[in-house]
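Student: Quick one, model-v8.pdb (PDB, C-alpha atoms, pLDDT in the B column):
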```
MODEL        1
ATOM      1  CA  MET A 113      -1.892  -8.212 -10.735  1.00 85.00           C
ATOM      2  CA  ILE A 114       0.803  -8.962  -8.195  1.00 88.00           C
ATOM      3  CA  ARG A 115       1.471  -6.742  -5.197  1.00 89.00           C
ATOM      4  CA  ALA A 116       4.507  -6.837  -2.959  1.00 90.00           C
ATOM      5  CA  CYS A 117       6.306  -4.607  -0.508  1.00 89.00           C
ATOM      6  CA  MET A 118       9.888  -4.437   0.590  1.00 90.00           C
ATOM      7  CA  SER A 119      12.296  -2.460   2.688  1.00 89.00           C
ATOM      8  CA  ALA A 120      16.012  -2.495   3.352  1.00 86.00           C
ATOM      9  CA  ASP A 121      15.251  -4.961   6.152  1.00 83.00           C
ATOM     10  CA  GLY A 122      13.245  -7.496   4.177  1.00 89.00           C
ATOM     11  CA  MET A 123      10.304  -8.378   1.995  1.00 91.00           C
ATOM     12  CA  GLY A 124       6.633  -8.547   2.857  1.00 89.00           C
ATOM     13  CA  PRO A 125       4.237 -11.165   1.476  1.00 89.00           C
ATOM     14  CA  ILE A 126       3.357 -11.274  -2.212  1.00 92.00           C
ATOM     15  CA  GLN A 127      -0.344 -10.930  -3.033  1.00 91.00           C
ATOM     16  CA  VAL A 128      -2.064 -12.007  -6.256  1.00 93.00           C
ATOM     17  CA  ILE A 129      -5.118  -9.890  -7.074  1.00 91.00           C
ATOM     18  CA  ASP A 130      -7.690 -11.170  -9.547  1.00 91.00           C
ATOM     19  CA  GLY A 131      -9.745  -8.950 -11.802  1.00 92.00           C
ATOM     20  CA  ILE A 132      -9.766  -5.212 -12.279  1.00 92.00           C
ATOM     21  CA  LEU A 133      -8.504  -3.145  -9.384  1.00 93.00           C
ATOM     22  CA  ASN A 134     -10.433   0.086  -8.874  1.00 96.00           C
ATOM     23  CA  ALA A 135      -9.844   2.489  -5.986  1.00 97.00           C
ATOM     24  CA  LYS A 136     -12.449   0.922  -3.683  1.00 96.00           C
ATOM     25  CA  LYS A 137     -11.161  -2.609  -4.282  1.00 96.00           C
ATOM     26  CA  TYR A 138      -7.574  -1.381  -3.793  1.00 95.00           C
ATOM     27  CA  ILE A 139      -8.403   0.023  -0.360  1.00 96.00           C
ATOM     28  CA  GLU A 140     -10.514  -2.961   0.734  1.00 96.00           C
ATOM     29  CA  THR A 141      -8.335  -5.821  -0.599  1.00 94.00           C
ATOM     30  CA  VAL A 142      -4.826  -4.375  -0.519  1.00 94.00           C
ATOM     31  CA  LEU A 143      -4.338  -1.360   1.712  1.00 94.00           C
ATOM     32  CA  LYS A 144      -6.392  -2.287   4.776  1.00 94.00           C
ATOM     33  CA  PRO A 145      -5.802  -6.044   5.011  1.00 93.00           C
ATOM     34  CA  LYS A 146      -2.316  -6.382   3.483  1.00 92.00           C
ATOM     35  CA  LEU A 147      -0.313  -3.163   3.379  1.00 90.00           C
ATOM     36  CA  ILE A 148      -0.897  -2.047   6.965  1.00 88.00           C
ATOM     37  CA  PRO A 149       0.179  -5.404   8.503  1.00 90.00           C
ATOM     38  CA  SER A 150       3.201  -5.520   6.170  1.00 91.00           C
ATOM     39  CA  ILE A 151       4.254  -2.025   7.225  1.00 89.00           C
ATOM     40  CA  ARG A 152       3.959  -2.983  10.889  1.00 88.00           C
ATOM     41  CA  ASP A 153       6.172  -6.036  10.263  1.00 90.00           C
ATOM     42  CA  LEU A 154       8.773  -4.248   8.122  1.00 90.00           C
ATOM     43  CA  PHE A 155       8.940  -1.050  10.169  1.00 88.00           C
ATOM     44  CA  PRO A 156       8.725  -1.942  13.852  1.00 84.00           C
ATOM     45  CA  ASN A 157       8.861   0.794  16.452  1.00 85.00           C
ATOM     46  CA  ASN A 158       7.052   3.186  14.072  1.00 83.00           C
ATOM     47  CA  ALA A 159      10.140   3.758  11.937  1.00 86.00           C
ATOM     48  CA  PRO A 160       9.480   6.301   9.162  1.00 87.00           C
ATOM     49  CA  PHE A 161       8.646   5.020   5.677  1.00 88.00           C
ATOM     50  CA  ILE A 162       7.325   6.178   2.306  1.00 90.00           C
ATOM     51  CA  VAL A 163       4.955   4.139   0.133  1.00 91.00           C
ATOM     52  CA  GLN A 164       6.086   4.171  -3.503  1.00 91.00           C
ATOM     53  CA  GLN A 165       3.513   3.389  -6.191  1.00 92.00           C
ATOM     54  CA  ASP A 166       3.235   3.684  -9.942  1.00 92.00           C
ATOM     55  CA  SER A 167       0.626   5.910 -11.552  1.00 92.00           C
ATOM     56  CA  ALA A 168      -2.085   3.260 -11.958  1.00 94.00           C
ATOM     57  CA  PRO A 169      -5.560   4.833 -11.725  1.00 95.00           C
ATOM     58  CA  CYS A 170      -6.312   3.086  -8.429  1.00 95.00           C
ATOM     59  CA  HIS A 171      -3.130   4.592  -6.948  1.00 94.00           C
ATOM     60  CA  THR A 172      -3.860   8.133  -8.088  1.00 95.00           C
ATOM     61  CA  ALA A 173      -7.576   8.166  -7.217  1.00 97.00           C
ATOM     62  CA  LYS A 174      -8.575  10.949  -4.836  1.00 97.00           C
ATOM     63  CA  VAL A 175     -10.112   8.484  -2.385  1.00 97.00           C
ATOM     64  CA  CYS A 176      -6.839   6.537  -2.165  1.00 96.00           C
ATOM     65  CA  LYS A 177      -4.742   9.658  -1.731  1.00 95.00           C
ATOM     66  CA  ALA A 178      -7.143  10.745   1.017  1.00 96.00           C
ATOM     67  CA  TRP A 179      -6.860   7.310   2.659  1.00 95.00           C
ATOM     68  CA  PHE A 180      -3.070   7.637   2.848  1.00 92.00           C
ATOM     69  CA  GLN A 181      -3.315  11.225   4.067  1.00 94.00           C
ATOM     70  CA  ASN A 182      -5.751  10.153   6.789  1.00 95.00           C
ATOM     71  CA  LYS A 183      -3.224   7.521   7.896  1.00 90.00           C
ATOM     72  CA  GLY A 184      -0.421  10.094   7.916  1.00 89.00           C
ATOM     73  CA  THR A 185       1.487   8.136   5.273  1.00 89.00           C
ATOM     74  CA  ASP A 186       3.733   9.765   2.681  1.00 88.00           C
ATOM     75  CA  ILE A 187       3.351   8.424  -0.846  1.00 87.00           C
ATOM     76  CA  LEU A 188       5.625   8.707  -3.838  1.00 85.00           C
ATOM     77  CA  LEU A 189       3.953   8.334  -7.238  1.00 70.00           C
TER      78      LEU A 189
ENDMDL
END
```
Would you mind writing the file's structure down as structure tokens?
Tutor:
Amino acid sequence: MIRACMSADGMGPIQVIDGILNAKKYIETVLKPKLIPSIRDLFPNNAPFIVQQDSAPCHTAKVCKAWFQNKGTDILL
């Protein structure tokens, strides 16, 4: 799987993820170490943003939705 993020102001790093991505692995290998730093780089000064994802099971898992809610992040599935 390949993960990337982008905004009107630029593109974040591309990440290659090996193996099956379940909700726990998604949080531990993508959201915490990669997405948060990318958001900080792409949206300085706490500019508002929405995370858009497809409906992959790891994206729609309750634990992942709760993780985003805990961070105060809007998601679009």
Student: Could you please give me, as a list in words, the residues of protein, DNA or RNA lying at most 12 Å from (-10.1, 7.1, -1.5) in the coordinate frame of the file, considering only C-alpha atoms?
Tutor: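 Checked against the point, the hits come out as Asn134, Ala135, Lys136, Lys137, Tyr138, Ile139, Glu140, Leu143, Lys144, Pro169, Cys170, His171, Thr172, Ala173, Lys174, Val175, Cys176, Lys177, Ala178, Trp179, Phe180, Gln181, Asn182 and Lys183 of chain A.
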Student: Counting all atoms listed in the file, which residues come within 10 Å of (1.2, -13.5, -5.1), with the point read in the file's coordinates, and could you list them as a list in words?
Tutor: Met113, Ile114, Arg115, Ala116, Pro125, Ile126, Gln127, Val128 and Ile129 of chain A
Student: Just C-alpha atoms for this one: save the residues we selected as an mmCIF file, keeping the file's coordinate frame.
Tutor:
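What landed in part05.cif:
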```
data_model
loop_
_atom_site.group_PDB
_atom_site.id
_atom_site.type_symbol
_atom_site.label_atom_id
_atom_site.label_comp_id
_atom_site.auth_asym_id
_atom_site.auth_seq_id
_atom_site.Cartn_x
_atom_site.Cartn_y
_atom_site.Cartn_z
ATOM 1 C CA MET A 113 -1.892 -8.212 -10.735
ATOM 2 C CA ILE A 114 0.803 -8.962 -8.195
ATOM 3 C CA ARG A 115 1.471 -6.742 -5.197
ATOM 4 C CA ALA A 116 4.507 -6.837 -2.959
ATOM 5 C CA PRO A 125 4.237 -11.165 1.476
ATOM 6 C CA ILE A 126 3.357 -11.274 -2.212
ATOM 7 C CA GLN A 127 -0.344 -10.930 -3.033
ATOM 8 C CA VAL A 128 -2.064 -12.007 -6.256
ATOM 9 C CA ILE A 129 -5.118 -9.890 -7.074
#
```
Student: Which one of A:Asn158, A:Leu189, A:Ala168, A:Leu147 sits closest to Cys117 in chain A if you count all atoms listed in the file?
Tutor: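 That would be A:Leu147, the residue with the smallest distance to Cys117 in chain A.
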Student: Expressed in Å to a single decimal, how great is the separation between CA of Val163 in chain A and CA of Ala120 in chain A?
Tutor: 13.3 Å
Student: What's the separation between CA of Leu154 in chain A and CA of Ser167 in chain A, in Å to one decimal place?
Tutor: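 Answer for the CA of Leu154 in chain A to CA of Ser167 in chain A separation: 23.6 Å.
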Student: If you measure from CA of Ser119 in chain A to CA of Phe155 in chain A, what distance in Å do you get, rounded to one decimal?
Tutor: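 According to the coordinates, CA of Ser119 in chain A and CA of Phe155 in chain A are separated by 8.3 Å.
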Student: If we count all atoms listed in the file and set the cut-off at 9 Å, which residues sit around Ile162 in chain A, ignoring sequence neighbours fewer than 4 positions away in its own chain? Please answer as a list in words.
Tutor: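 Within the cut-off, the hits are Thr185, Asp186, Ile187 and Leu188 of chain A.
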Student: In terms of the shortest atom-to-atom distance over all atoms listed in the file, which of A:Phe161, A:Asp130, A:Asp166, A:Gly124 is closest to Pro149 in chain A?
Tutor: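 Result for the nearest residue to Pro149 in chain A: A:Gly124.
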